[in-house]
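J.: Quick one: the structure is below, questions incoming.
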Protein chains: 2
Amino acid sequence: MDIPFNKPYLTGKELVYIEDAVKKGKISGNGYYTHLCHDFFERRYGFNKCLLTTSCTDALEMATLLIDIKEGDEVIMPSYTFVSTANAFVLRGATIIFADSRTDHPGIDEDHIEALITKKTKAIVPVHYAGVACDMDKIMALAAKYNLYVIEDAAQAIDSFYIGKDGVKRALGSIGHLAAFSFHETKNIISGEGGMLAINDTRFSERAEVIWEKGTNRSAFFRGEVDKYGWVDVGSSFLPSEIIAAFLWAQLENIVDIQQVRKSHWEYYNNKLQNWALENEIQLPILPSFATNNGHMFYIVCKSIEQRQSIIEKLKSKKILSVFHYISLHGSPFYKNSYIGRDLSESDRYSDRLLRLPMFYELDVQEIINAL
Amino acid sequence: MDIPFNKPYLTGKELVYIEDAVKKGKISGNGYYTHLCHDFFERRYGFNKCLLTTSCTDALEMATLLIDIKEGDEVIMPSYTFVSTANAFVLRGATIIFADSRTDHPGIDEDHIEALITKKTKAIVPVHYAGVACDMDKIMALAAKYNLYVIEDAAQAIDSFYIGKDGVKRALGSIGHLAAFSFHETKNIISGEGGMLAINDTRFSERAEVIWEKGTNRSAFFRGEVDKYGWVDVGSSFLPSEIIAAFLWAQLENIVDIQQVRKSHWEYYNNKLQNWALENEIQLPILPSFATNNGHMFYIVCKSIEQRQSIIEKLKSKKILSVFHYISLHGSPFYKNSYIGRDLSESDRYSDRLLRLPMFYELDVQEIINAL
């Protein structure tokens with residue numbers, strides 16, 4: 001392909017910082033660059049506490065341990081999402097209650113959540129698809145009413161915001177009790193594989209650190225808060241190497257530039273494709289009024305699966321790679337026999353018809369426009 | 001400290017390969033360098049199949065999913081080990097049955113395992129402490145007799161071997177059904193944080209790949225074996241970034257040199273400390289006849305906890321850092337109330353008296369000898 005779907009962008013300092021991490025004599029986790037990244041996120045986005053993880057999947061798994069998900073607990077999430085959103089909870093024995101997507105956007109239909117809540121419901125997991133906010137006022141109100149946890153799947157949602165009914169603009173990932181981010185190479189800010197847990201509910205702060213450090217109180221020990229450290233809880237090795245944190249730090253130093261470029265690509269797509277979309281009965285992204293755009297993804301919703309396939313092939317013939325992704329999880333080989341809810345037609349519609357166009361820093365969007 | 005306990009060693013090619021990985025346009029997992037590493041391990045050590053992971057902990061967690069550990073299953077392992085050996089199984093609901101260490105070595109006392117086996121026992125987890133083999137003939141015979149799985153915790157055991165009763169020398173990690181390795185910065189071969197699962201029992205090969213790829217059949221899809229990929233199983237994001245794999249590859253290219261240097265450090269310690277050890281009633285490492293040495297760790301066993309403390313302090317006054325580590329898991333804050341077995345006096349003895357001396361590639365061992 002001449003134009004790939006994604007191309008990891010280097011700011012130029014990644015290898016410098018990796019070399020520096022090695023020179024500092026520490027390349028395992030929880031070192032100098034990890035702390036720089038934590039501080040950056042906490043200050044810039046108002047997260048109470050941040051912990052880098054080896055993936056967004058791992059951040060979600062930390063969240064399931066923190067809210068103590070057990071066999072039989074029910075968790076409500078959209079069906080149109082990545083497998084990890086569900087797997088993290090399935091690993092703890094939860095039953096997944098899949099919700100449909102909005103008609104104007106692939107995010108969870110907030111108005112359908114309440115009907116899915118039972119006495120077994122423990123959490124709602126809104127996924128900010130394409131970095132576009134779910135209606136968090138509605139979701140947090142439901143959580144308060146039914147005493148549920150909200151875990152934001154903010155994998156795609158770095159540097160994006162929700163504007164509440166009170167007019168206040170809050171960073172995605174800072175609203176739910178916990179939130180999971182991804183720095184996978186296809187994201188805006190990358191470290192190859194990588195993620196982060198944002199801990200907004202302070203009740204979880206101390207235990208989050210223990211679970212992150214393999215179930216030990218090692219961090220408290222090194223701060224001098226306990227006189228020896230040992231096995232105090234369940235946990236895993238959720239923390240990434242300083243090599244990964246050093247790479248990520250180089251990206252964060254350039255987040256303003258990266259975001260500006262991606263958002264301008266997105267605007268360019270959106271402006272130039274208006275007529276083409278109208279002529280071909282294709283839906284361009286719709287941003288709800290409470291959501292901002294972080295330039296993560298430019299997608300289109302085709303009028304049919306056949307039209308999508310023909311666009312994929314047309315672009316391929318011009319050596320441009322476009323991709324679709326999620327297949328509704330409620331109809332997946334793994335879960336379809338366990339799914340007993342109603343049809344999720346919007347979710348299936350996005351599964352069949354949503355197409356993602358190339359989006360990366362060094363992209364020349366006009367080349368895609370020309371090809372279309 | 002003038003002499004740290006550990007210092008990560010760079011072969012010189014790590015940053016070159018990381019840069020190359022970025023240039024290849026792919027820094028997420030399961031790419032060029034990941035495959036190089038897999039092939040290297042499979043060829044060199046005779047593992048049936050290898051999968052890099054983000055940590056040894058994660059490799060152990062993959063193993064628990066593969067052998068389908070469930071609530072109430074019992075798993076036998078030494079108490080003198082790292083918390084992750086146990087946590088990986090606790091996360092799946094297993095009851096941990098702790099065994100004592102050998103009198104001549106911190107590894108599990110193989111002769112005490114059979115008495116711990118019940119109808120609920122599902123696996124034995126021998127830990128090759130300091131890269132020194134457990135008696136795998138005995139352990140595999142028990143596994144065969146009682147139909148159990150053997151998961152080798154080979155975190156410290158890269159490039160070390162077991163010589164069986166048949167005289168054949170087999171790589172540690174190639175004998176049990178599954179084995180977990182660590183590339184944490186304190187190990188011989190490093191990637192900051194990192195690990196690997198070796199899959200020796202071919203029944204697990206296909207599912208291991210699925211679990212590794214977040215419960216999807218993505219790998220089979222890219223090989224053209226299935227026509228679409230989706231959610232087919234539980235799983236997690238176990239695979240490390242290509243950044244980590246590229247770093248690891250630079251280390252593997254130099255494994256012969258690294259091993260030679262570390263083993264010579266070890267021999268130097270062992271030769272030069274004989275008299276001092278005798279005079280101070282200190283036990284130097286004892287290698288069972290069936291085990292090889294991989295130069296991972298040089299430890300001493302003091303005659304008392306007080307003697308250990310005085311040696312730590314003496315070295316510290318000369319700006320040399322020596323460390324102890326495991327505290328018997330059966331007596332940990334997390335597990336002591338659940339532990340109902342007998343006293344594990346050997347395990348407690350190593351907890352109180354074992355001391356690790358500095359060990360890294362660029363170390364001048366004579367400086368430690370002088371200080372002692």
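Here, A, B, ... name the chains of the structure tokens in the order displayed, residue numbers run from 1 inside each chain, and ligands are numbered from 1 in the same displayed order.
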Please report as an MDAnalysis selection string which residues of chain B come no farther than 6 Å from chain A, using only C-alpha atoms.

T.: chainID B and resid 7 25 27:28 57 87 185 192:193 231:234 237 241 332:334

J.: Give me, as number ranges by chain, all polymer residues having an atom no more than 9 Å from range 340-353 of chain B, counting only C-alpha atoms and skipping those fewer than 2 positions away in the same chain.

T.: B: 78-80, 97-103, 105-106, 108, 300-309, 324-328, 330-331, 336-338, 355

J.: Could you find all residues in range 149-183 of chain B that DSSP calls strand (DSSP E or B) from the backbone, and write them as a list of chain:residue names?

T.: B:Tyr149, B:Val150, B:Ile151, B:Glu152, B:Asp153, B:Phe161, B:Tyr162, B:Ile163, B:Lys169, B:Arg170, B:Ala171, B:Leu178, B:Ala179, B:Ala180, B:Phe181, B:Ser182

J.: Give me, as a list in words, all polymer residues having an atom no more than 7 Å from Lys49 in chain B, counting only C-alpha atoms and skipping those fewer than 5 positions away in the same chain.

T.: Glu42, Ala198, Ile199, Asn200 and Ser205 of chain B

J.: Would you export the selected residues with C-alpha atoms as a PDB file, in the first residue's frame, please?

T.:
ATOM      1  CA  GLU B  42      12.258 -22.187  19.760  1.00  0.00           C
ATOM      2  CA  ALA B 198       6.965 -21.430  26.323  1.00  0.00           C
ATOM      3  CA  ILE B 199       4.309 -23.892  25.205  1.00  0.00           C
ATOM      4  CA  ASN B 200       5.656 -27.415  25.146  1.00  0.00           C
ATOM      5  CA  SER B 205      -0.500 -24.100  20.909  1.00  0.00           C
TER       6      SER B 205
END

J.: Calculated over only C-alpha atoms, which of the candidates B:Leu148, B:Ala371, B:Ala59, B:Val127 has the smallest distance to Asp73 in chain B?

T.: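 The answer is B:Leu148, which sits nearest to Asp73 in chain B.
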
J.: Restricting the calculation to only C-alpha atoms, which member of A:Trp249, A:Phe298, A:Trp266, A:Phe360 is positioned closest to His38 in chain A?

T.: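 With only C-alpha atoms as the atom set, the closest residue is A:Trp249.
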
J.: Which residues come within 12 Å of Lys138 in chain B, counting only C-alpha atoms, excluding same-chain residues fewer than 6 positions away, as a list in words?

T.: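 Neighbouring residues, sequence-local ones excluded: Ile108, Asp109, Glu110, Asp111, His112, Ile113, Glu114, Ile124, Pro126, Ala144, Lys145, Val150, Tyr162, Gly164, Lys165, Ile175, Gly176 and Phe290 of chain B.
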
J.: Produce a file of the selected residues containing all heavy atoms, as a compact mmCIF listing (two decimals), in the first residue's frame.

T.:
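This went into again23.txt:
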# COMPACT_ATOMS: atom_id res chain seq x y z
N ILE B 108 11.99 -25.83 45.43
CA ILE B 108 10.98 -26.67 46.09
C ILE B 108 11.57 -28.03 46.47
O ILE B 108 12.36 -28.62 45.72
CB ILE B 108 9.75 -26.84 45.16
CG1 ILE B 108 8.55 -27.43 45.91
CG2 ILE B 108 10.09 -27.67 43.93
CD1 ILE B 108 7.23 -27.34 45.11
N ASP B 109 11.23 -28.51 47.66
CA ASP B 109 11.68 -29.84 48.08
C ASP B 109 10.82 -30.88 47.36
O ASP B 109 9.67 -31.13 47.74
CB ASP B 109 11.55 -29.97 49.59
CG ASP B 109 12.23 -31.25 50.09
OD1 ASP B 109 12.28 -32.24 49.31
OD2 ASP B 109 12.69 -31.27 51.23
N GLU B 110 11.38 -31.48 46.33
CA GLU B 110 10.62 -32.38 45.47
C GLU B 110 10.04 -33.57 46.25
O GLU B 110 8.99 -34.10 45.88
CB GLU B 110 11.48 -32.91 44.31
CG GLU B 110 12.06 -31.82 43.40
CD GLU B 110 13.39 -31.25 43.89
OE1 GLU B 110 13.81 -31.59 45.01
OE2 GLU B 110 14.00 -30.45 43.15
N ASP B 111 10.72 -33.97 47.31
CA ASP B 111 10.27 -35.15 48.07
C ASP B 111 9.07 -34.86 48.96
O ASP B 111 8.49 -35.78 49.54
CB ASP B 111 11.42 -35.71 48.91
CG ASP B 111 12.53 -36.27 48.02
OD1 ASP B 111 12.20 -36.72 46.89
OD2 ASP B 111 13.69 -36.24 48.43
N HIS B 112 8.72 -33.59 49.09
CA HIS B 112 7.56 -33.25 49.92
C HIS B 112 6.30 -32.98 49.10
O HIS B 112 5.25 -32.68 49.66
CB HIS B 112 7.88 -32.04 50.80
CG HIS B 112 8.79 -32.37 51.94
ND1 HIS B 112 9.21 -31.45 52.87
CD2 HIS B 112 9.36 -33.55 52.30
CE1 HIS B 112 10.00 -32.04 53.74
NE2 HIS B 112 10.12 -33.32 53.42
N ILE B 113 6.44 -33.04 47.79
CA ILE B 113 5.28 -32.67 46.94
C ILE B 113 4.17 -33.71 47.03
O ILE B 113 2.99 -33.37 47.20
CB ILE B 113 5.72 -32.49 45.47
CG1 ILE B 113 6.68 -31.29 45.36
CG2 ILE B 113 4.51 -32.29 44.56
CD1 ILE B 113 7.29 -31.10 43.97
N GLU B 114 4.52 -34.99 46.96
CA GLU B 114 3.48 -36.02 46.83
C GLU B 114 2.48 -35.98 47.98
O GLU B 114 1.29 -36.17 47.79
CB GLU B 114 4.11 -37.42 46.70
CG GLU B 114 3.06 -38.48 46.32
CD GLU B 114 3.68 -39.75 45.74
OE1 GLU B 114 4.91 -39.91 45.86
OE2 GLU B 114 2.91 -40.57 45.18
N ILE B 124 1.47 -28.45 39.42
CA ILE B 124 2.67 -28.21 40.23
C ILE B 124 3.46 -27.10 39.54
O ILE B 124 3.59 -27.11 38.32
CB ILE B 124 3.56 -29.47 40.33
CG1 ILE B 124 2.76 -30.66 40.86
CG2 ILE B 124 4.78 -29.20 41.21
CD1 ILE B 124 3.51 -32.00 40.74
N PRO B 126 7.04 -25.74 39.76
CA PRO B 126 8.41 -25.66 40.25
C PRO B 126 9.03 -24.33 39.84
O PRO B 126 8.82 -23.88 38.72
CB PRO B 126 9.11 -26.83 39.55
CG PRO B 126 8.29 -27.09 38.32
CD PRO B 126 6.89 -26.64 38.61
N ALA B 144 2.69 -37.19 35.96
CA ALA B 144 2.15 -38.29 35.15
C ALA B 144 1.29 -39.21 36.02
O ALA B 144 0.19 -39.63 35.63
CB ALA B 144 3.29 -39.06 34.50
N LYS B 145 1.79 -39.50 37.22
CA LYS B 145 1.08 -40.42 38.12
C LYS B 145 -0.29 -39.87 38.52
O LYS B 145 -1.28 -40.62 38.58
CB LYS B 145 1.94 -40.65 39.36
CG LYS B 145 1.37 -41.61 40.38
CD LYS B 145 2.41 -41.91 41.46
CE LYS B 145 1.80 -42.70 42.62
NZ LYS B 145 2.76 -42.81 43.75
N VAL B 150 2.34 -29.38 34.80
CA VAL B 150 3.54 -28.76 35.36
C VAL B 150 3.80 -27.46 34.63
O VAL B 150 3.97 -27.44 33.40
CB VAL B 150 4.76 -29.70 35.26
CG1 VAL B 150 6.03 -28.98 35.72
CG2 VAL B 150 4.52 -30.96 36.09
N TYR B 162 18.65 -28.85 32.75
CA TYR B 162 18.44 -29.97 33.68
C TYR B 162 19.01 -31.22 33.04
O TYR B 162 18.73 -31.51 31.87
CB TYR B 162 16.94 -30.15 33.93
CG TYR B 162 16.60 -31.39 34.71
CD1 TYR B 162 16.89 -31.47 36.07
CD2 TYR B 162 16.00 -32.50 34.10
CE1 TYR B 162 16.59 -32.61 36.81
CE2 TYR B 162 15.70 -33.64 34.82
CZ TYR B 162 15.99 -33.69 36.17
OH TYR B 162 15.69 -34.83 36.89
N GLY B 164 18.80 -35.02 33.11
CA GLY B 164 17.91 -36.06 33.59
C GLY B 164 18.63 -37.36 33.92
O GLY B 164 19.82 -37.52 33.65
N LYS B 165 17.87 -38.28 34.49
CA LYS B 165 18.44 -39.60 34.82
C LYS B 165 18.94 -40.31 33.56
O LYS B 165 19.82 -41.15 33.62
CB LYS B 165 17.38 -40.46 35.52
CG LYS B 165 17.19 -40.08 36.98
CD LYS B 165 16.50 -41.17 37.78
CE LYS B 165 15.03 -41.26 37.46
NZ LYS B 165 14.18 -40.32 38.22
N ILE B 175 10.55 -28.55 29.66
CA ILE B 175 10.21 -29.86 30.22
C ILE B 175 8.75 -29.93 30.68
O ILE B 175 8.03 -30.89 30.39
CB ILE B 175 11.16 -30.19 31.40
CG1 ILE B 175 12.62 -30.12 30.90
CG2 ILE B 175 10.86 -31.58 31.97
CD1 ILE B 175 13.66 -30.04 32.00
N GLY B 176 8.28 -28.91 31.40
CA GLY B 176 6.89 -28.87 31.83
C GLY B 176 5.95 -28.65 30.65
O GLY B 176 6.39 -28.38 29.53
N PHE B 290 22.07 -32.51 39.09
CA PHE B 290 21.26 -32.49 37.86
C PHE B 290 21.10 -31.09 37.27
O PHE B 290 20.38 -30.91 36.30
CB PHE B 290 19.88 -33.10 38.12
CG PHE B 290 19.17 -32.52 39.32
CD1 PHE B 290 18.64 -31.24 39.29
CD2 PHE B 290 19.06 -33.26 40.50
CE1 PHE B 290 18.00 -30.71 40.39
CE2 PHE B 290 18.42 -32.73 41.62
CZ PHE B 290 17.89 -31.46 41.57

J.: Can you pull out every residue from range 107-267 of chain A that DSSP, working from the backbone, puts in alpha helix (DSSP H), and format the result as a ChimeraX atom specification?

T.: /A:136-146,205-212,218-222,242-252,255-267

J.: Output N, CA and C atoms for every residue in the selection just made, as a short mmCIF file (atom, residue, chain, number, x, y, z; two decimals), in the first residue's frame.

T.:
data_model
loop_
_atom_site.label_atom_id
_atom_site.label_comp_id
_atom_site.auth_asym_id
_atom_site.auth_seq_id
_atom_site.Cartn_x
_atom_site.Cartn_y
_atom_site.Cartn_z
N MET A 136 -22.26 11.83 29.56
CA MET A 136 -21.84 11.41 30.91
C MET A 136 -22.79 11.91 32.00
N ASP A 137 -23.47 13.02 31.78
CA ASP A 137 -24.44 13.46 32.79
C ASP A 137 -25.52 12.38 32.99
N LYS A 138 -26.03 11.89 31.87
CA LYS A 138 -27.06 10.84 31.95
C LYS A 138 -26.52 9.59 32.63
N ILE A 139 -25.32 9.22 32.23
CA ILE A 139 -24.74 7.96 32.75
C ILE A 139 -24.39 8.08 34.24
N MET A 140 -23.82 9.19 34.62
CA MET A 140 -23.46 9.37 36.04
C MET A 140 -24.72 9.47 36.92
N ALA A 141 -25.78 10.03 36.35
CA ALA A 141 -27.03 10.11 37.12
C ALA A 141 -27.60 8.71 37.36
N LEU A 142 -27.54 7.87 36.34
CA LEU A 142 -28.00 6.48 36.51
C LEU A 142 -27.14 5.76 37.54
N ALA A 143 -25.84 5.98 37.46
CA ALA A 143 -24.92 5.32 38.40
C ALA A 143 -25.24 5.74 39.83
N ALA A 144 -25.51 7.04 40.02
CA ALA A 144 -25.84 7.53 41.36
C ALA A 144 -27.17 6.93 41.83
N LYS A 145 -28.14 6.89 40.93
CA LYS A 145 -29.48 6.39 41.29
C LYS A 145 -29.44 4.92 41.71
N TYR A 146 -28.64 4.12 40.98
CA TYR A 146 -28.64 2.67 41.24
C TYR A 146 -27.37 2.20 41.95
N SER A 205 -7.43 4.80 45.28
CA SER A 205 -6.04 5.24 44.98
C SER A 205 -4.99 4.31 45.56
N GLU A 206 -5.12 4.00 46.83
CA GLU A 206 -4.09 3.22 47.49
C GLU A 206 -4.05 1.79 46.96
N ARG A 207 -5.24 1.19 46.85
CA ARG A 207 -5.27 -0.20 46.39
C ARG A 207 -4.83 -0.31 44.93
N ALA A 208 -5.12 0.73 44.14
CA ALA A 208 -4.71 0.69 42.72
C ALA A 208 -3.21 0.51 42.61
N GLU A 209 -2.48 1.20 43.46
CA GLU A 209 -1.03 1.13 43.43
C GLU A 209 -0.54 -0.27 43.83
N VAL A 210 -1.22 -0.87 44.78
CA VAL A 210 -0.85 -2.21 45.22
C VAL A 210 -1.10 -3.24 44.11
N ILE A 211 -2.28 -3.17 43.51
CA ILE A 211 -2.62 -4.11 42.44
C ILE A 211 -1.67 -3.96 41.26
N TRP A 212 -1.28 -2.73 41.00
CA TRP A 212 -0.37 -2.38 39.90
C TRP A 212 1.03 -2.97 40.13
N ARG A 218 4.98 -2.33 47.66
CA ARG A 218 6.33 -1.89 47.32
C ARG A 218 6.42 -0.36 47.22
N SER A 219 5.42 0.25 46.58
CA SER A 219 5.47 1.71 46.40
C SER A 219 5.44 2.41 47.76
N ALA A 220 4.56 1.95 48.64
CA ALA A 220 4.48 2.55 49.98
C ALA A 220 5.80 2.34 50.73
N PHE A 221 6.41 1.18 50.52
CA PHE A 221 7.70 0.87 51.15
C PHE A 221 8.77 1.88 50.72
N PHE A 222 8.84 2.14 49.42
CA PHE A 222 9.89 3.04 48.94
C PHE A 222 9.61 4.50 49.32
N GLU A 242 10.25 1.34 31.69
CA GLU A 242 10.64 2.74 31.49
C GLU A 242 10.95 3.02 30.00
N ILE A 243 11.30 1.99 29.26
CA ILE A 243 11.54 2.16 27.82
C ILE A 243 10.25 2.68 27.16
N ILE A 244 9.15 2.09 27.55
CA ILE A 244 7.83 2.48 27.01
C ILE A 244 7.45 3.86 27.54
N ALA A 245 7.69 4.10 28.81
CA ALA A 245 7.33 5.40 29.40
C ALA A 245 8.17 6.52 28.79
N ALA A 246 9.44 6.25 28.51
CA ALA A 246 10.32 7.25 27.90
C ALA A 246 9.82 7.60 26.49
N PHE A 247 9.43 6.58 25.76
CA PHE A 247 8.85 6.79 24.42
C PHE A 247 7.59 7.65 24.53
N LEU A 248 6.75 7.29 25.46
CA LEU A 248 5.48 8.01 25.64
C LEU A 248 5.72 9.47 26.02
N TRP A 249 6.74 9.69 26.85
CA TRP A 249 7.02 11.06 27.29
C TRP A 249 7.36 11.98 26.10
N ALA A 250 8.13 11.43 25.15
CA ALA A 250 8.46 12.21 23.96
C ALA A 250 7.19 12.60 23.19
N GLN A 251 6.22 11.72 23.21
CA GLN A 251 4.95 12.01 22.55
C GLN A 251 4.18 13.09 23.31
N LEU A 252 4.16 12.96 24.62
CA LEU A 252 3.37 13.89 25.44
C LEU A 252 3.91 15.32 25.34
N ILE A 255 2.12 16.88 22.51
CA ILE A 255 0.70 16.58 22.37
C ILE A 255 -0.07 17.72 21.71
N VAL A 256 0.31 18.96 21.97
CA VAL A 256 -0.42 20.09 21.39
C VAL A 256 -0.30 20.07 19.87
N ASP A 257 0.92 19.88 19.41
CA ASP A 257 1.15 19.81 17.97
C ASP A 257 0.44 18.61 17.34
N ILE A 258 0.59 17.45 17.95
CA ILE A 258 -0.04 16.24 17.41
C ILE A 258 -1.55 16.43 17.30
N GLN A 259 -2.14 16.95 18.34
CA GLN A 259 -3.59 17.13 18.35
C GLN A 259 -4.04 18.15 17.30
N GLN A 260 -3.27 19.19 17.16
CA GLN A 260 -3.64 20.23 16.19
C GLN A 260 -3.62 19.66 14.77
N VAL A 261 -2.57 18.90 14.47
CA VAL A 261 -2.44 18.32 13.13
C VAL A 261 -3.56 17.31 12.86
N ARG A 262 -3.83 16.44 13.82
CA ARG A 262 -4.86 15.43 13.60
C ARG A 262 -6.24 16.07 13.44
N LYS A 263 -6.50 17.06 14.26
CA LYS A 263 -7.82 17.71 14.16
C LYS A 263 -7.96 18.43 12.82
N SER A 264 -6.86 18.99 12.32
CA SER A 264 -6.98 19.66 11.02
C SER A 264 -7.18 18.63 9.90
N HIS A 265 -6.55 17.47 10.01
CA HIS A 265 -6.84 16.38 9.05
C HIS A 265 -8.32 16.05 9.08
N TRP A 266 -8.84 15.91 10.28
CA TRP A 266 -10.24 15.51 10.46
C TRP A 266 -11.18 16.56 9.83
N GLU A 267 -10.89 17.83 10.10
CA GLU A 267 -11.71 18.91 9.54
C GLU A 267 -11.65 18.92 8.02
#

J.: Find the residues near Asn293 in chain A: any atom within 8 Å, counting only C-alpha atoms, skip ones fewer than 4 places away on the same chain, and give them as a PDB file with all heavy atoms, in the first residue's frame.

T.:
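Heads up, here's the output in around.pdb:
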ATOM      1  N   GLY A 131     -13.206   8.860  20.236  1.00  0.00           N
ATOM      2  CA  GLY A 131     -12.882  10.003  21.095  1.00  0.00           C
ATOM      3  C   GLY A 131     -14.048  10.942  21.316  1.00  0.00           C
ATOM      4  O   GLY A 131     -13.879  12.041  21.848  1.00  0.00           O
ATOM      5  N   VAL A 132     -15.233  10.507  20.924  1.00  0.00           N
ATOM      6  CA  VAL A 132     -16.436  11.333  21.062  1.00  0.00           C
ATOM      7  C   VAL A 132     -17.174  10.917  22.339  1.00  0.00           C
ATOM      8  O   VAL A 132     -17.497   9.743  22.521  1.00  0.00           O
ATOM      9  CB  VAL A 132     -17.338  11.182  19.819  1.00  0.00           C
ATOM     10  CG1 VAL A 132     -18.656  11.935  20.012  1.00  0.00           C
ATOM     11  CG2 VAL A 132     -16.605  11.681  18.584  1.00  0.00           C
ATOM     12  N   SER A 160      -9.845  14.605  24.772  1.00  0.00           N
ATOM     13  CA  SER A 160     -11.192  14.946  24.317  1.00  0.00           C
ATOM     14  C   SER A 160     -12.036  15.250  25.549  1.00  0.00           C
ATOM     15  O   SER A 160     -11.683  14.865  26.666  1.00  0.00           O
ATOM     16  CB  SER A 160     -11.786  13.797  23.493  1.00  0.00           C
ATOM     17  OG  SER A 160     -12.845  14.285  22.691  1.00  0.00           O
ATOM     18  N   PHE A 161     -13.154  15.929  25.339  1.00  0.00           N
ATOM     19  CA  PHE A 161     -13.866  16.511  26.484  1.00  0.00           C
ATOM     20  C   PHE A 161     -15.378  16.293  26.389  1.00  0.00           C
ATOM     21  O   PHE A 161     -15.921  16.028  25.308  1.00  0.00           O
ATOM     22  CB  PHE A 161     -13.555  18.011  26.568  1.00  0.00           C
ATOM     23  CG  PHE A 161     -12.105  18.287  26.806  1.00  0.00           C
ATOM     24  CD1 PHE A 161     -11.206  18.321  25.722  1.00  0.00           C
ATOM     25  CD2 PHE A 161     -11.606  18.470  28.084  1.00  0.00           C
ATOM     26  CE1 PHE A 161      -9.850  18.537  25.939  1.00  0.00           C
ATOM     27  CE2 PHE A 161     -10.256  18.698  28.308  1.00  0.00           C
ATOM     28  CZ  PHE A 161      -9.375  18.736  27.233  1.00  0.00           C
ATOM     29  N   LYS A 263      -6.502  17.063  14.263  1.00  0.00           N
ATOM     30  CA  LYS A 263      -7.819  17.710  14.161  1.00  0.00           C
ATOM     31  C   LYS A 263      -7.959  18.434  12.821  1.00  0.00           C
ATOM     32  O   LYS A 263      -9.048  18.448  12.240  1.00  0.00           O
ATOM     33  CB  LYS A 263      -8.041  18.658  15.340  1.00  0.00           C
ATOM     34  CG  LYS A 263      -8.412  17.897  16.618  1.00  0.00           C
ATOM     35  CD  LYS A 263      -8.917  18.814  17.716  1.00  0.00           C
ATOM     36  CE  LYS A 263      -7.794  19.234  18.618  1.00  0.00           C
ATOM     37  NZ  LYS A 263      -8.240  19.918  19.844  1.00  0.00           N
ATOM     38  N   LEU A 287     -21.195  14.798  15.650  1.00  0.00           N
ATOM     39  CA  LEU A 287     -20.762  15.016  17.039  1.00  0.00           C
ATOM     40  C   LEU A 287     -21.928  15.550  17.857  1.00  0.00           C
ATOM     41  O   LEU A 287     -22.432  16.642  17.562  1.00  0.00           O
ATOM     42  CB  LEU A 287     -19.620  16.031  17.090  1.00  0.00           C
ATOM     43  CG  LEU A 287     -18.220  15.433  17.254  1.00  0.00           C
ATOM     44  CD1 LEU A 287     -17.810  14.685  16.018  1.00  0.00           C
ATOM     45  CD2 LEU A 287     -17.215  16.524  17.596  1.00  0.00           C
TER      46      LEU A 287
END
